[in-house]
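Data first, discussion second: the structure below is written as structure tokens.
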Amino acid sequence: MPASAIMATSGTIAAEPVSDDAEALLALSRAAGPTARQIEFAVPDAYCVTCINAIETGLGRLPQVVSARVNLSQRWVRVVFAPEKGSVLDLPRAIRASGYRTHALDPVADGRQDQALHELIRCMAVAGFAAGNIMLFSVSIWSGADAATRDMFHWISALIALPAIAYAGRPFFRSAFAALRVGRTNMDVPTSIGVVLATLLSLWETVHSGAHAYFDASTMLLFFLLVGRTFDHLMREKARGAIANLARLTPRGATRWLADGTTAYVPAEDITPGMLLLLRAGERVPVDCRIVEGSGDVDLSIVTGESMAVAVAPGASLAAGAINLGAVLKVEAERTASESFLSQMAMLMETAEASRTAHRRIADRAASIYAPAVHASALLTLLGWGLLVGDWHAAMLNAVAVLIITCPCALALAVPIVHAVAAGRLFRNGIMMRDGTALERAAAVTDIVFDKTGTLTIGAVRYIGQASGDPAMLPIAASLAWHSQHPLAVALSATAPPAPLLVEEIRETAGQGMEARADGATWRLGSAPFCGGADGDGDDRGAGPEICLGRNGAVVAVFRFADAIRPDAVSAVAELDQGGKGVRILSGDGPQAVRAAAEALGIWGHAARLSPEAKLADLQAEAAAGRRVMMVGDGINDAPALRAAHVSMAPSSASDIGRSAADFVFTNGRLASVPFVLGIARRADRLVRENLVLAIGYNALALPLAVTGHVTPLVAAVAMSTSSILVVANALRLNFGTDLVRREEPVPAIITAEAVRS
Amino acid sequence: MNGLVILIPAAICLGLLALVTFLWSLKTGQYDDLKGASERILDDEAPIRRTDRK
């Protein structure tokens, strides 16, 4: 790698690792026709027709592109291309040239989910068609169709209902069967039994020219249930898609140095210890490795929680997941991907998962009581009528009527519809929810534990002020800083407009600073010794990092930086505090930085320099003490703790592994999401309980009618739809209330040296 | 009764037709990108782009 490539990098930190490689991309694509292949790229920034146009025409200009179509709902573009007409590497380049960030998507996980959703929608369509048409005949029967016509209508209903139920009932039958096989019961068991028995009885009635058939009830039941289930699925699908679209952080591979001095792409799994790898600026460390050549700064914030960049030199070890910030590094792999830091965390996560207190879904708990009660009352009705009245036909009819009227239609809708509405509400506020049980768990939270770096703080340094020197020096320093990628330099150049200064002969010494000649003087920007001062010159209170500006070997100005606290962290923590929740910080960063953040936020409990194992142990101790802890964190080191906590949350800037461990992911960048989620969870919990009471109460009212034989198919149909509508309407109340305000608060709270001293 | 012999099959066939149409539209991906479709209608530059072929 020539040195010019190091200097050519522009002034912004490459937020996304741009490590596309033809082989990696081709591996993600799949065949679409004899010569063409198909691949999807995420385009998280596309939002309007102009974006569609720009991306599609940009791709369409390439000779190898057969078709390109943006999916705006899912924020990806599907490209069909002919590999022999041009490189696959041109595709992401063309998208980036159109001005959009992009990364290739893994098609395997997405495809399977799509199929499940499509099956649900198809089932719903069939059930809806059947219910509608059968209802036409049922209405005619109820309005007095006589013997022959009624029989014919029953037969036609049966003809529609039987195949429809066999087709549309499969999701429920499958799940009920799976539950029964392991000796458990869920909501789908009474549903399936009710539907099957009602259908069989109706068939028997039809064959024997009976007066009552319940085909409409059983198809309508399926339709309602499928609507609820589809909503639930859609919401989760949306959240999953949005999470998948966030930039992928874990490298899939690395660039390898070959013996002849050329480079080649090697997938992460194929890296063996001893292999020489090349790490460019902005790239993530693929496996645990040791630096052979080159020195510079690495960002460990996501690995250890350390908020400041760490200078490294040849011989230093790097953990997988760290980002190389500056110079190109030549490294030697020390472990394979499966033994690296990331994988160790994954193993810790598995043990954490096992120790997590098992949460039983509220719906399953309700089903375990409800199903036996329903089946017992149906059986009693059958025996009661058969033995006391002696009319076994009426007994059978009434027993099935009991099953239908108590069929947990409203009950089965009661929980998922609330969760679906909650997920939609959270989604509109920039929070993704992984599944409904997360909401149930969040409702019981007593304590919140925050990680510091990247969670309470932004995870990037901000310029906070000048410690000494002439304020006029700031623009000069900024114009020097503009040429460097060091995080402090980037923060500095973002603060002040560069001076109209002719900077020439710029050189960057890794781990030291920048040097340039301008206006006949030699300027240096970097550490105090590098600029000509004593070590620790200017500010020795250790509040945060600083850089010096030196002119001709003498320090003329010192600039201070700090990791900025998220703008709304103070108010969010205060809100949690007022809500009676215990708030603590568990951080991997140094004690000084943690104390400064804790004091700025008014948090009493905090612990610093914790290893991932220590965080995990802390949470397990809390859980053993009976506390329900929500963990909010972002780093790789937080992942086991996120998994061990009762419920967990991560910002969208979190590491891959942290995001996948969390139950909620917030993309709005606001910590106010934490109290918001807790508030929604509490309300959802109340609504779920209300809904269960409503549904069960409704059934309890109708049950005596059914037992005494007063429930005709008409009464069953009316009862069923009104209770379902009631439950849905109640769930929609969750949409009332104030949303998170989407504006930045004007003055960001910043950890200052004063906060440290006080 | 005579009327029913024609009307009932007609009603069911129409219903089936709607069902089949819906399943077809689902299968051909018409609901995959509702947001994109609502935006694309504003695009009068390229009525049928070469790249639109499925």
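Labels used: A, B, ... for chains in the order of the structure tokens, numbers from 1 for residues in each chain, and numbers from 1 for ligands as shown.
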Can you check which residues of chain B have any atom within 6 Å of chain A? Use only C-alpha atoms and format it as a list in words.
Asp33, Lys35, Gly36, Glu39, Arg40 and Thr51 of chain B
Could you please write out, as a JSON list (two decimals) with N, CA and C atoms, in the first residue's frame, every residue of stretch 470-635 of chain A that DSSP assigns to strand (DSSP E)?
[["chain", "number", "residue", "atom", "x", "y", "z"],
["A", 504, "GLU", "N", 0.94, 24.02, 3.31],
["A", 504, "GLU", "CA", 1.69, 23.19, 2.37],
["A", 504, "GLU", "C", 2.52, 22.16, 3.12],
["A", 505, "GLU", "N", 3.01, 21.23, 2.38],
["A", 505, "GLU", "CA", 3.90, 20.19, 2.93],
["A", 505, "GLU", "C", 3.32, 19.56, 4.19],
["A", 506, "ILE", "N", 2.14, 19.02, 4.05],
["A", 506, "ILE", "CA", 1.53, 18.40, 5.23],
["A", 506, "ILE", "C", 2.09, 17.00, 5.42],
["A", 507, "ARG", "N", 2.45, 16.71, 6.65],
["A", 507, "ARG", "CA", 2.87, 15.35, 6.97],
["A", 507, "ARG", "C", 2.14, 14.92, 8.22],
["A", 508, "GLU", "N", 1.75, 13.65, 8.27],
["A", 508, "GLU", "CA", 1.12, 13.15, 9.48],
["A", 508, "GLU", "C", 2.01, 12.07, 10.07],
["A", 509, "THR", "N", 2.36, 12.24, 11.34],
["A", 509, "THR", "CA", 3.11, 11.21, 12.03],
["A", 509, "THR", "C", 2.13, 10.44, 12.90],
["A", 513, "GLY", "N", 1.04, 13.44, 15.49],
["A", 513, "GLY", "CA", 0.27, 14.59, 15.07],
["A", 513, "GLY", "C", 0.59, 14.98, 13.64],
["A", 514, "MET", "N", 0.22, 16.21, 13.30],
["A", 514, "MET", "CA", 0.40, 16.73, 11.95],
["A", 514, "MET", "C", 1.48, 17.80, 11.96],
["A", 515, "GLU", "N", 2.14, 17.90, 10.83],
["A", 515, "GLU", "CA", 3.08, 19.00, 10.69],
["A", 515, "GLU", "C", 2.84, 19.65, 9.34],
["A", 516, "ALA", "N", 2.92, 20.97, 9.29],
["A", 516, "ALA", "CA", 2.72, 21.65, 8.01],
["A", 516, "ALA", "C", 3.49, 22.96, 8.01],
["A", 517, "ARG", "N", 3.79, 23.42, 6.83],
["A", 517, "ARG", "CA", 4.44, 24.73, 6.71],
["A", 517, "ARG", "C", 3.41, 25.70, 6.15],
["A", 518, "ALA", "N", 3.29, 26.84, 6.78],
["A", 518, "ALA", "CA", 2.36, 27.85, 6.29],
["A", 518, "ALA", "C", 2.87, 29.22, 6.73],
["A", 521, "ALA", "N", 6.14, 29.60, 8.64],
["A", 521, "ALA", "CA", 6.36, 29.00, 9.96],
["A", 521, "ALA", "C", 6.05, 27.51, 9.90],
["A", 522, "THR", "N", 6.62, 26.76, 10.83],
["A", 522, "THR", "CA", 6.31, 25.34, 10.92],
["A", 522, "THR", "C", 5.27, 25.15, 12.01],
["A", 523, "TRP", "N", 4.10, 24.67, 11.60],
["A", 523, "TRP", "CA", 3.01, 24.45, 12.55],
["A", 523, "TRP", "C", 2.92, 22.98, 12.86],
["A", 524, "ARG", "N", 2.63, 22.68, 14.11],
["A", 524, "ARG", "CA", 2.41, 21.29, 14.47],
["A", 524, "ARG", "C", 1.13, 21.18, 15.30],
["A", 525, "LEU", "N", 0.39, 20.12, 15.04],
["A", 525, "LEU", "CA", -0.85, 19.89, 15.77],
["A", 525, "LEU", "C", -0.80, 18.46, 16.28],
["A", 526, "GLY", "N", -0.88, 18.30, 17.60],
["A", 526, "GLY", "CA", -0.82, 16.94, 18.13],
["A", 526, "GLY", "C", -0.53, 16.94, 19.60],
["A", 546, "GLU", "N", -6.69, 16.20, 24.90],
["A", 546, "GLU", "CA", -6.46, 17.55, 24.39],
["A", 546, "GLU", "C", -5.44, 17.46, 23.28],
["A", 547, "ILE", "N", -5.45, 18.43, 22.42],
["A", 547, "ILE", "CA", -4.36, 18.51, 21.46],
["A", 547, "ILE", "C", -3.77, 19.92, 21.49],
["A", 548, "CYS", "N", -2.50, 19.99, 21.16],
["A", 548, "CYS", "CA", -1.79, 21.26, 21.21],
["A", 548, "CYS", "C", -1.49, 21.73, 19.80],
["A", 549, "LEU", "N", -1.40, 23.03, 19.68],
["A", 549, "LEU", "CA", -0.94, 23.62, 18.43],
["A", 549, "LEU", "C", 0.42, 24.26, 18.71],
["A", 550, "GLY", "N", 1.39, 23.87, 17.93],
["A", 550, "GLY", "CA", 2.73, 24.42, 18.15],
["A", 550, "GLY", "C", 3.19, 25.22, 16.94],
["A", 551, "ARG", "N", 3.91, 26.33, 17.21],
["A", 551, "ARG", "CA", 4.48, 27.10, 16.10],
["A", 551, "ARG", "C", 5.99, 27.17, 16.32],
["A", 554, "ALA", "N", 7.08, 25.71, 19.73],
["A", 554, "ALA", "CA", 6.56, 26.18, 21.00],
["A", 554, "ALA", "C", 5.04, 26.08, 20.99],
["A", 555, "VAL", "N", 4.48, 25.61, 22.08],
["A", 555, "VAL", "CA", 3.03, 25.44, 22.15],
["A", 555, "VAL", "C", 2.36, 26.80, 22.22],
["A", 556, "VAL", "N", 1.40, 27.06, 21.31],
["A", 556, "VAL", "CA", 0.72, 28.35, 21.34],
["A", 556, "VAL", "C", -0.75, 28.21, 21.74],
["A", 557, "ALA", "N", -1.29, 27.02, 21.67],
["A", 557, "ALA", "CA", -2.70, 26.86, 22.07],
["A", 557, "ALA", "C", -2.95, 25.40, 22.43],
["A", 558, "VAL", "N", -3.89, 25.19, 23.36],
["A", 558, "VAL", "CA", -4.30, 23.83, 23.75],
["A", 558, "VAL", "C", -5.82, 23.74, 23.62],
["A", 559, "PHE", "N", -6.26, 22.68, 22.98],
["A", 559, "PHE", "CA", -7.70, 22.50, 22.77],
["A", 559, "PHE", "C", -8.17, 21.28, 23.52],
["A", 560, "ARG", "N", -9.36, 21.41, 24.13],
["A", 560, "ARG", "CA", -9.87, 20.30, 24.95],
["A", 560, "ARG", "C", -11.08, 19.64, 24.31],
["A", 561, "PHE", "N", -11.19, 18.35, 24.59],
["A", 561, "PHE", "CA", -12.29, 17.57, 24.02],
["A", 561, "PHE", "C", -12.94, 16.72, 25.10],
["A", 562, "ALA", "N", -14.15, 16.30, 24.84],
["A", 562, "ALA", "CA", -14.82, 15.37, 25.75],
["A", 562, "ALA", "C", -15.81, 14.55, 24.95],
["A", 563, "ASP", "N", -16.16, 13.41, 25.51],
["A", 563, "ASP", "CA", -17.19, 12.58, 24.90],
["A", 563, "ASP", "C", -18.52, 13.20, 25.28],
["A", 564, "ALA", "N", -19.28, 13.65, 24.31],
["A", 564, "ALA", "CA", -20.51, 14.39, 24.60],
["A", 564, "ALA", "C", -21.62, 13.45, 25.04],
["A", 565, "ILE", "N", -22.32, 13.88, 26.07],
["A", 565, "ILE", "CA", -23.48, 13.13, 26.53],
["A", 565, "ILE", "C", -24.61, 13.35, 25.53],
["A", 582, "GLY", "N", -34.71, 2.42, 39.52],
["A", 582, "GLY", "CA", -33.31, 2.58, 39.89],
["A", 582, "GLY", "C", -32.46, 2.69, 38.65],
["A", 583, "VAL", "N", -31.58, 3.67, 38.57],
["A", 583, "VAL", "CA", -30.74, 3.85, 37.39],
["A", 583, "VAL", "C", -29.28, 3.69, 37.78],
["A", 584, "ARG", "N", -28.53, 2.90, 37.05],
["A", 584, "ARG", "CA", -27.11, 2.71, 37.32],
["A", 584, "ARG", "C", -26.32, 2.71, 36.02],
["A", 585, "ILE", "N", -25.01, 2.92, 36.14],
["A", 585, "ILE", "CA", -24.12, 2.83, 34.97],
["A", 585, "ILE", "C", -23.15, 1.68, 35.20],
["A", 586, "LEU", "N", -23.04, 0.81, 34.23],
["A", 586, "LEU", "CA", -21.99, -0.21, 34.25],
["A", 586, "LEU", "C", -21.15, 0.03, 33.00],
["A", 605, "GLY", "N", -25.41, 5.33, 41.28],
["A", 605, "GLY", "CA", -24.75, 4.03, 41.17],
["A", 605, "GLY", "C", -23.96, 3.92, 39.88],
["A", 606, "HIS", "N", -22.65, 3.70, 40.00],
["A", 606, "HIS", "CA", -21.88, 3.49, 38.78],
["A", 606, "HIS", "C", -20.66, 2.64, 39.07],
["A", 607, "ALA", "N", -20.28, 1.88, 38.09],
["A", 607, "ALA", "CA", -19.10, 1.03, 38.22],
["A", 607, "ALA", "C", -18.31, 1.14, 36.93],
["A", 629, "VAL", "N", -34.33, -6.10, 35.55],
["A", 629, "VAL", "CA", -33.42, -5.06, 35.06],
["A", 629, "VAL", "C", -33.52, -4.92, 33.55],
["A", 630, "MET", "N", -33.62, -3.66, 33.10],
["A", 630, "MET", "CA", -33.50, -3.38, 31.67],
["A", 630, "MET", "C", -32.07, -2.92, 31.43],
["A", 631, "MET", "N", -31.40, -3.56, 30.47],
["A", 631, "MET", "CA", -30.04, -3.16, 30.14],
["A", 631, "MET", "C", -30.08, -2.34, 28.86],
["A", 632, "VAL", "N", -29.44, -1.18, 28.88],
["A", 632, "VAL", "CA", -29.33, -0.37, 27.68],
["A", 632, "VAL", "C", -27.85, -0.26, 27.35]]
Taking 4 positions as the minimum chain separation for residues in the same chain, which residues sit within 10 Å of A:Phe341 when counting only C-alpha atoms? Answer as a compact mmCIF listing (two decimals) with N, CA, C and O atoms, in the first residue's frame.
# COMPACT_ATOMS: atom_id res chain seq x y z
N PRO A 286 -10.98 -7.95 11.75
CA PRO A 286 -11.82 -9.13 11.52
C PRO A 286 -11.64 -10.23 12.56
O PRO A 286 -12.59 -10.87 12.95
N VAL A 287 -10.40 -10.47 12.98
CA VAL A 287 -10.14 -11.50 14.01
C VAL A 287 -9.13 -10.90 14.97
O VAL A 287 -8.50 -9.89 14.68
N ASP A 288 -8.95 -11.54 16.10
CA ASP A 288 -7.93 -11.06 17.04
C ASP A 288 -6.57 -11.14 16.35
O ASP A 288 -6.23 -12.17 15.77
N VAL A 303 -15.69 -2.18 21.58
CA VAL A 303 -15.13 -3.43 22.11
C VAL A 303 -15.09 -3.40 23.63
O VAL A 303 -15.54 -4.31 24.30
N LEU A 318 -4.78 -6.54 18.87
CA LEU A 318 -6.07 -5.90 18.58
C LEU A 318 -7.17 -6.94 18.73
O LEU A 318 -7.03 -8.06 18.25
N ALA A 319 -8.26 -6.55 19.39
CA ALA A 319 -9.40 -7.45 19.51
C ALA A 319 -10.31 -7.27 18.30
O ALA A 319 -10.45 -6.17 17.78
N ALA A 320 -10.93 -8.35 17.87
CA ALA A 320 -11.85 -8.26 16.74
C ALA A 320 -12.96 -7.28 17.07
O ALA A 320 -13.47 -7.28 18.17
N GLY A 321 -13.31 -6.44 16.10
CA GLY A 321 -14.38 -5.47 16.30
C GLY A 321 -13.88 -4.05 16.44
O GLY A 321 -14.63 -3.11 16.25
N ARG A 335 -5.77 -15.50 16.02
CA ARG A 335 -6.76 -16.54 16.27
C ARG A 335 -7.65 -16.64 15.05
O ARG A 335 -7.71 -15.73 14.23
N THR A 336 -8.38 -17.72 14.92
CA THR A 336 -9.36 -17.83 13.85
C THR A 336 -10.61 -17.06 14.28
O THR A 336 -10.75 -16.70 15.45
N ALA A 337 -11.50 -16.83 13.31
CA ALA A 337 -12.70 -16.05 13.61
C ALA A 337 -13.52 -16.71 14.72
O ALA A 337 -14.10 -16.04 15.56
N MET A 345 -17.67 -13.65 23.03
CA MET A 345 -18.85 -12.94 23.51
C MET A 345 -20.11 -13.73 23.16
O MET A 345 -21.05 -13.80 23.95
N ALA A 346 -20.12 -14.31 21.97
CA ALA A 346 -21.29 -15.09 21.56
C ALA A 346 -21.50 -16.26 22.52
O ALA A 346 -22.64 -16.60 22.87
N MET A 347 -20.40 -16.88 22.94
CA MET A 347 -20.53 -18.00 23.87
C MET A 347 -21.04 -17.54 25.22
O MET A 347 -21.90 -18.17 25.83
N ILE A 636 -19.89 -4.50 21.95
CA ILE A 636 -19.72 -5.94 21.90
C ILE A 636 -19.60 -6.47 23.32
O ILE A 636 -20.11 -7.53 23.65
N ASN A 637 -18.94 -5.67 24.17
CA ASN A 637 -18.76 -6.10 25.56
C ASN A 637 -20.07 -6.08 26.34
O ASN A 637 -20.17 -6.68 27.39
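Considering only C-alpha atoms, the residue among A:Asp45, A:Glu23, A:Glu269, A:Asp451 positioned nearest to A:Ser87 is A:Glu23.
Picture a line from atom CA of A:Ile323 to atom CA of A:Phe664; it runs 24.9 Å.
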Residue list (helix (DSSP H, G or I), DSSP) for stretch 46-75 of chain A, as a list in words
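The residues of stretch 46-75 of chain A classed as helix (DSSP H, G or I) are Val49, Thr50, Cys51, Ile52, Asn53, Ala54, Ile55, Glu56, Thr57, Gly58, Leu59 and Gly60 of chain A.
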Residues of the last selection are to be written out with all heavy atoms, as a short mmCIF file (atom, residue, chain, number, x, y, z; two decimals), in the first residue's frame.
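Result file again20.cif:
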data_model
loop_
_atom_site.label_atom_id
_atom_site.label_comp_id
_atom_site.auth_asym_id
_atom_site.auth_seq_id
_atom_site.Cartn_x
_atom_site.Cartn_y
_atom_site.Cartn_z
N VAL A 49 -39.13 9.68 -4.63
CA VAL A 49 -39.06 9.28 -6.03
C VAL A 49 -37.73 9.71 -6.66
O VAL A 49 -37.20 9.05 -7.55
CB VAL A 49 -40.27 9.81 -6.81
CG1 VAL A 49 -40.25 11.31 -6.87
CG2 VAL A 49 -40.34 9.20 -8.19
N THR A 50 -37.20 10.81 -6.19
CA THR A 50 -35.91 11.27 -6.72
C THR A 50 -34.82 10.25 -6.41
O THR A 50 -33.94 10.00 -7.24
CB THR A 50 -35.53 12.62 -6.09
OG1 THR A 50 -36.72 13.37 -5.91
CG2 THR A 50 -34.59 13.38 -6.97
N CYS A 51 -34.89 9.71 -5.19
CA CYS A 51 -33.90 8.70 -4.80
C CYS A 51 -34.03 7.48 -5.70
O CYS A 51 -33.05 6.93 -6.19
CB CYS A 51 -34.10 8.27 -3.36
SG CYS A 51 -34.33 9.63 -2.22
N ILE A 52 -35.28 7.05 -5.93
CA ILE A 52 -35.52 5.88 -6.79
C ILE A 52 -34.89 6.13 -8.14
O ILE A 52 -34.14 5.30 -8.67
CB ILE A 52 -37.04 5.64 -6.97
CG1 ILE A 52 -37.69 5.31 -5.64
CG2 ILE A 52 -37.29 4.55 -7.99
CD1 ILE A 52 -39.17 5.06 -5.75
N ASN A 53 -35.20 7.31 -8.70
CA ASN A 53 -34.68 7.66 -10.02
C ASN A 53 -33.16 7.64 -10.06
O ASN A 53 -32.56 7.06 -10.95
CB ASN A 53 -35.15 9.07 -10.38
CG ASN A 53 -36.29 9.01 -11.36
OD1 ASN A 53 -36.42 8.01 -12.06
ND2 ASN A 53 -37.09 10.04 -11.40
N ALA A 54 -32.56 8.30 -9.07
CA ALA A 54 -31.11 8.43 -9.06
C ALA A 54 -30.45 7.06 -9.00
O ALA A 54 -29.53 6.76 -9.76
CB ALA A 54 -30.67 9.29 -7.88
N ILE A 55 -30.94 6.22 -8.11
CA ILE A 55 -30.31 4.91 -7.92
C ILE A 55 -30.53 4.03 -9.14
O ILE A 55 -29.61 3.39 -9.66
CB ILE A 55 -30.85 4.24 -6.64
CG1 ILE A 55 -30.46 5.06 -5.43
CG2 ILE A 55 -30.33 2.82 -6.52
CD1 ILE A 55 -31.15 4.66 -4.16
N GLU A 56 -31.78 4.02 -9.65
CA GLU A 56 -32.09 3.11 -10.75
C GLU A 56 -31.39 3.53 -12.04
O GLU A 56 -30.89 2.69 -12.77
CB GLU A 56 -33.60 3.01 -10.95
CG GLU A 56 -34.25 2.18 -9.85
CD GLU A 56 -35.73 1.99 -10.04
OE1 GLU A 56 -36.29 2.55 -11.01
OE2 GLU A 56 -36.33 1.27 -9.22
N THR A 57 -31.38 4.84 -12.31
CA THR A 57 -30.71 5.25 -13.54
C THR A 57 -29.20 5.10 -13.40
O THR A 57 -28.52 4.73 -14.36
CB THR A 57 -31.05 6.70 -13.94
OG1 THR A 57 -30.94 7.51 -12.78
CG2 THR A 57 -32.44 6.82 -14.51
N GLY A 58 -28.68 5.37 -12.20
CA GLY A 58 -27.25 5.19 -11.97
C GLY A 58 -26.83 3.76 -12.24
O GLY A 58 -25.81 3.50 -12.89
N LEU A 59 -27.64 2.82 -11.78
CA LEU A 59 -27.32 1.41 -12.01
C LEU A 59 -27.61 1.01 -13.45
O LEU A 59 -26.87 0.24 -14.05
CB LEU A 59 -28.15 0.53 -11.06
CG LEU A 59 -27.66 0.45 -9.62
CD1 LEU A 59 -28.72 -0.18 -8.74
CD2 LEU A 59 -26.37 -0.34 -9.53
N GLY A 60 -28.70 1.58 -14.00
CA GLY A 60 -29.11 1.20 -15.35
C GLY A 60 -28.09 1.55 -16.42
O GLY A 60 -28.08 0.95 -17.49
#
If I take atom CA of A:Arg682 and atom CA of A:Leu413, how far is one from the other in Å, to one decimal?
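Going from atom CA of A:Arg682 over to atom CA of A:Leu413, I get 18.9 Å.
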Computed interatomic separation between atom CA of A:Ser307 and atom CA of A:Ser571 (Å):
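Atom CA of A:Ser307 sits 22.2 Å away from atom CA of A:Ser571.
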If we count only C-alpha atoms and set the cut-off at 9 Å, which residues sit around A:Asp151, ignoring sequence neighbours fewer than 6 positions away in its own chain? Please answer as a ChimeraX atom specification.
/A:206-207,209-211
Excluding A:Leu105 and its own-chain neighbours fewer than 6 positions away, which residues fall within 7 Å of it when counting only C-alpha atoms? Please give them as a VMD selection string.
chain A and resid 40 to 42
